[in-house]
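See below for the structure under consideration.
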Amino acid sequence: MTGNPEAEYSRRPTAVVVHDPVRFGALDRLKAVAVEQLTDRFLFRDHPDIPRFASEYQAFAEAVTAAGIACVQVSDLVEDTPVILQALRGPNLMFTRDAAITLPWAPGVYLPSRMAKPIRRSETAVMSLVLERLGLRRVEWGGREDDCLEGGDAVPFARGRHRCLLVGYARRTTLSAVYRLGEALIPALADEIVAIELAPWRMNLDGGFLPVAEDVVVAHSPSVLSALLLDTTGSRPVDLFGMLREQEITIIDVSRDQSWLQQACNYLCLGNRTVIGYNMADDVVHRMRDAGLTVITIAGDELVKGRGGPRCMSRPVYQRLAARRSGRG
């Protein structure tokens with residue numbers, strides 16, 4: 001690999017794919033469910049105040065647009081078939097990050113996810129349709145039926161001149177899926193994968209570890225248990241934080257509660273050291289700004305009840321958009 005590959009934090013997206021669940025009544029389904037059953041049935045932590053949730057979501061979309069990035073609504077690119085409408089009315093499709101993976105150094109392709117939770121499995125077909133209508137080509141990664149992979153566990157990174165995909169595994173992504181991903185990507189579409197073992201309680205990598213600039217990572221460090229580097233020579237253990245220190249990367253540590261309840265590691269990266277995040281962990285935001293980042297903050301007290309942050313609510317597209325086609329009237 002020659003030159004410096006563009007990572008998620010350094011390449012500005014052409015657009016981000018988003019989905020507003022309030023428009024399709026998705027949150028109304030939560031009303032009849034007891035709070036103690038919400039996580040098991042719909043993956044939400046608490047009942048959202050729907051008008052406030054709608055306002056916060058609108059502010060998120062406006063922050064993306066104000067930063068000069070196009071917001072592409074899922075519903076604008078798909079037909080009103082019963083299967084698609086069922087997905088649009090699901091409360092978790094708002095987390096458009098999870099159903100696919102896009103790569104800043106290979107902007108013309110995407111990889112479909114294989115969701116661990118049955119309630120979310122229809123999202124992959126919907127997101128695949130959207131990305132293909134935006135001009136991206138699907139790359140298959142094989143694996144067994146029980147190999148699970150979510151986009152929230154995949155973070156495009158640059159390790160020196162290496163195109164390095166960080167992939168967390170625990171509850172939502174399996175280690176076997178990471179190996180299948182490596183077979184599909186290395187060496188043509190990535191130079192290496194770092195498989196990061198997460199604490200069993202951690203849902204996705206971007207909830208506890210995220211590079212936000214070439215020299216800054218925001219992390220709840222105890223969430224990371226171990227790491228393996230996969231490349232053309234095979235796989236071997238690596239010291240993830242030692243690797244970061246070798247690159248002179250600053251670690252901004254957050255507490256477990258900040259990472260879990262406030263999504264203090266979860267940011268939408270827009271390039272040029274600019275990110276969008278929630279406004280709840282003030283000390284983390286201040287430390288990021290002290291490190292030279294521009295942090296655009298939005299309210300998230302209701303949005304966070306879905307257990308996701310601005311990164312979760314956005315699927316970046318890095319290539320010039322193809323003409324949009326939709327069967328919607």
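Convention: chains lettered A, B, ... in structure tokens order; per-chain residue numbering from 1; ligands numbered from 1 as shown.
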
With only C-alpha atoms as the counted atoms, please give the residues lying no more than 9 Å from region 161-172 of chain A, apart from itself and same-chain residues fewer than 4 positions off, as a PDB file with C-alpha atoms, in the first residue's frame.
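The resulting file, result_9.pdb, is reproduced below:
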```
ATOM      1  CA  MET A   1       0.000   0.000   0.000  1.00  0.00           C
ATOM      2  CA  THR A   2       1.406   3.393  -0.984  1.00  0.00           C
ATOM      3  CA  GLY A   3       0.318   6.778   0.288  1.00  0.00           C
ATOM      4  CA  ASN A   4      -1.805   7.391   3.346  1.00  0.00           C
ATOM      5  CA  PRO A   5      -5.215   5.680   3.182  1.00  0.00           C
ATOM      6  CA  GLU A   6      -8.269   7.688   4.098  1.00  0.00           C
ATOM      7  CA  ALA A   7      -9.898   6.576   7.333  1.00  0.00           C
ATOM      8  CA  LEU A 103     -15.127   1.921   3.243  1.00  0.00           C
ATOM      9  CA  TRP A 105     -10.726   4.013   0.738  1.00  0.00           C
ATOM     10  CA  MET A 115     -27.759  -8.986  12.169  1.00  0.00           C
ATOM     11  CA  ALA A 116     -27.656 -10.953  15.413  1.00  0.00           C
ATOM     12  CA  LYS A 117     -31.124  -9.859  16.543  1.00  0.00           C
ATOM     13  CA  CYS A 148     -23.109 -12.356  12.687  1.00  0.00           C
ATOM     14  CA  LEU A 149     -21.731  -8.955  11.717  1.00  0.00           C
ATOM     15  CA  GLU A 150     -22.993  -5.427  12.464  1.00  0.00           C
ATOM     16  CA  GLY A 151     -21.776  -2.145  11.035  1.00  0.00           C
ATOM     17  CA  GLY A 152     -21.447  -0.600  14.487  1.00  0.00           C
ATOM     18  CA  ASP A 153     -18.570  -3.011  15.098  1.00  0.00           C
ATOM     19  CA  ALA A 154     -16.610  -1.977  11.968  1.00  0.00           C
ATOM     20  CA  VAL A 155     -14.430   1.162  12.001  1.00  0.00           C
ATOM     21  CA  PRO A 156     -12.222   2.048   8.978  1.00  0.00           C
ATOM     22  CA  PHE A 157      -8.843   3.139  10.361  1.00  0.00           C
ATOM     23  CA  ALA A 177     -17.502 -13.563  10.913  1.00  0.00           C
ATOM     24  CA  VAL A 178     -14.426 -11.356  11.326  1.00  0.00           C
ATOM     25  CA  LEU A 189     -10.015  -4.044  -0.315  1.00  0.00           C
ATOM     26  CA  ALA A 190      -8.041  -3.820   2.936  1.00  0.00           C
ATOM     27  CA  ASP A 191      -4.500  -4.511   4.085  1.00  0.00           C
ATOM     28  CA  GLU A 192      -5.418  -5.806   7.524  1.00  0.00           C
ATOM     29  CA  ILE A 193      -8.162  -6.267  10.067  1.00  0.00           C
ATOM     30  CA  VAL A 194      -7.734  -5.798  13.788  1.00  0.00           C
ATOM     31  CA  ALA A 195     -10.280  -8.003  15.559  1.00  0.00           C
ATOM     32  CA  ILE A 196     -11.043  -6.448  18.948  1.00  0.00           C
ATOM     33  CA  GLU A 197     -12.514  -8.631  21.670  1.00  0.00           C
ATOM     34  CA  LEU A 198     -15.064  -6.604  23.618  1.00  0.00           C
ATOM     35  CA  ALA A 199     -16.286  -7.046  27.170  1.00  0.00           C
ATOM     36  CA  PRO A 200     -19.361  -9.342  27.161  1.00  0.00           C
ATOM     37  CA  TRP A 201     -21.691  -6.518  28.207  1.00  0.00           C
ATOM     38  CA  ARG A 202     -20.539  -4.181  25.422  1.00  0.00           C
ATOM     39  CA  MET A 203     -22.975  -4.097  22.489  1.00  0.00           C
ATOM     40  CA  ASN A 204     -20.815  -2.670  19.665  1.00  0.00           C
ATOM     41  CA  LEU A 205     -17.283  -1.361  19.200  1.00  0.00           C
ATOM     42  CA  ASP A 206     -18.439   2.204  18.537  1.00  0.00           C
ATOM     43  CA  VAL A 224     -11.324  -3.820  25.130  1.00  0.00           C
ATOM     44  CA  ALA A 227      -6.933  -7.912  19.875  1.00  0.00           C
TER      45      ALA A 227
END
```

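Every protein or nucleic acid residue with an atom no more than 12 Å from region 31-34 of chain A, counting only C-alpha atoms and leaving out same-chain residues fewer than 4 positions away, appears here: Gly25, Ala26, Leu27, Leu38, Thr39, Asp40, Arg41, Phe42, Leu43, Phe44, Arg45, Asp46, His47, Pro48, Asp49, Ile50 and Pro91 of chain A.
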
### Task
Give me the residues within 9 Å of Pro104 (chain A) as a list in words, counting only C-alpha atoms and dropping any in the same chain fewer than 2 places off.
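Residues near the query, excluding close chain neighbours: Pro5, Glu6, Ala7, Glu8, Ser10, Arg11, Arg12, Pro13, Thr102, Ala106, Pro107, Pro156, Pro316, Val317, Tyr318 and Gln319 of chain A.
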
### Query
How far is it from CA of Cys71 (chain A) to CA of Ile119 (chain A), in Å with one decimal?
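These two atoms are separated by 25.0 Å.
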
#### Entry: Shortest interatomic distance to Asp80 (chain A) - which of A:Gln247, A:Gly292, A:Arg114, A:Phe24, counting only C-alpha atoms
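Smallest distance to Asp80 (chain A) is found for A:Phe24.
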
Return as JSON lines the residues of region 149-185 of chain A lying at most 8 Å from region 126-142 of chain A, together with the closest atom-to-atom pair for each and the distance in Å to one decimal, counting only C-alpha atoms, with rows in chain order and ascending residue number.
```
{"residue": "A:Arg180", "atom": "CA", "partner": "A:Trp141", "partner_atom": "CA", "distance": 6.0}
{"residue": "A:Leu181", "atom": "CA", "partner": "A:Trp141", "partner_atom": "CA", "distance": 5.5}
{"residue": "A:Glu183", "atom": "CA", "partner": "A:Trp141", "partner_atom": "CA", "distance": 7.4}
{"residue": "A:Ala184", "atom": "CA", "partner": "A:Trp141", "partner_atom": "CA", "distance": 5.1}
```
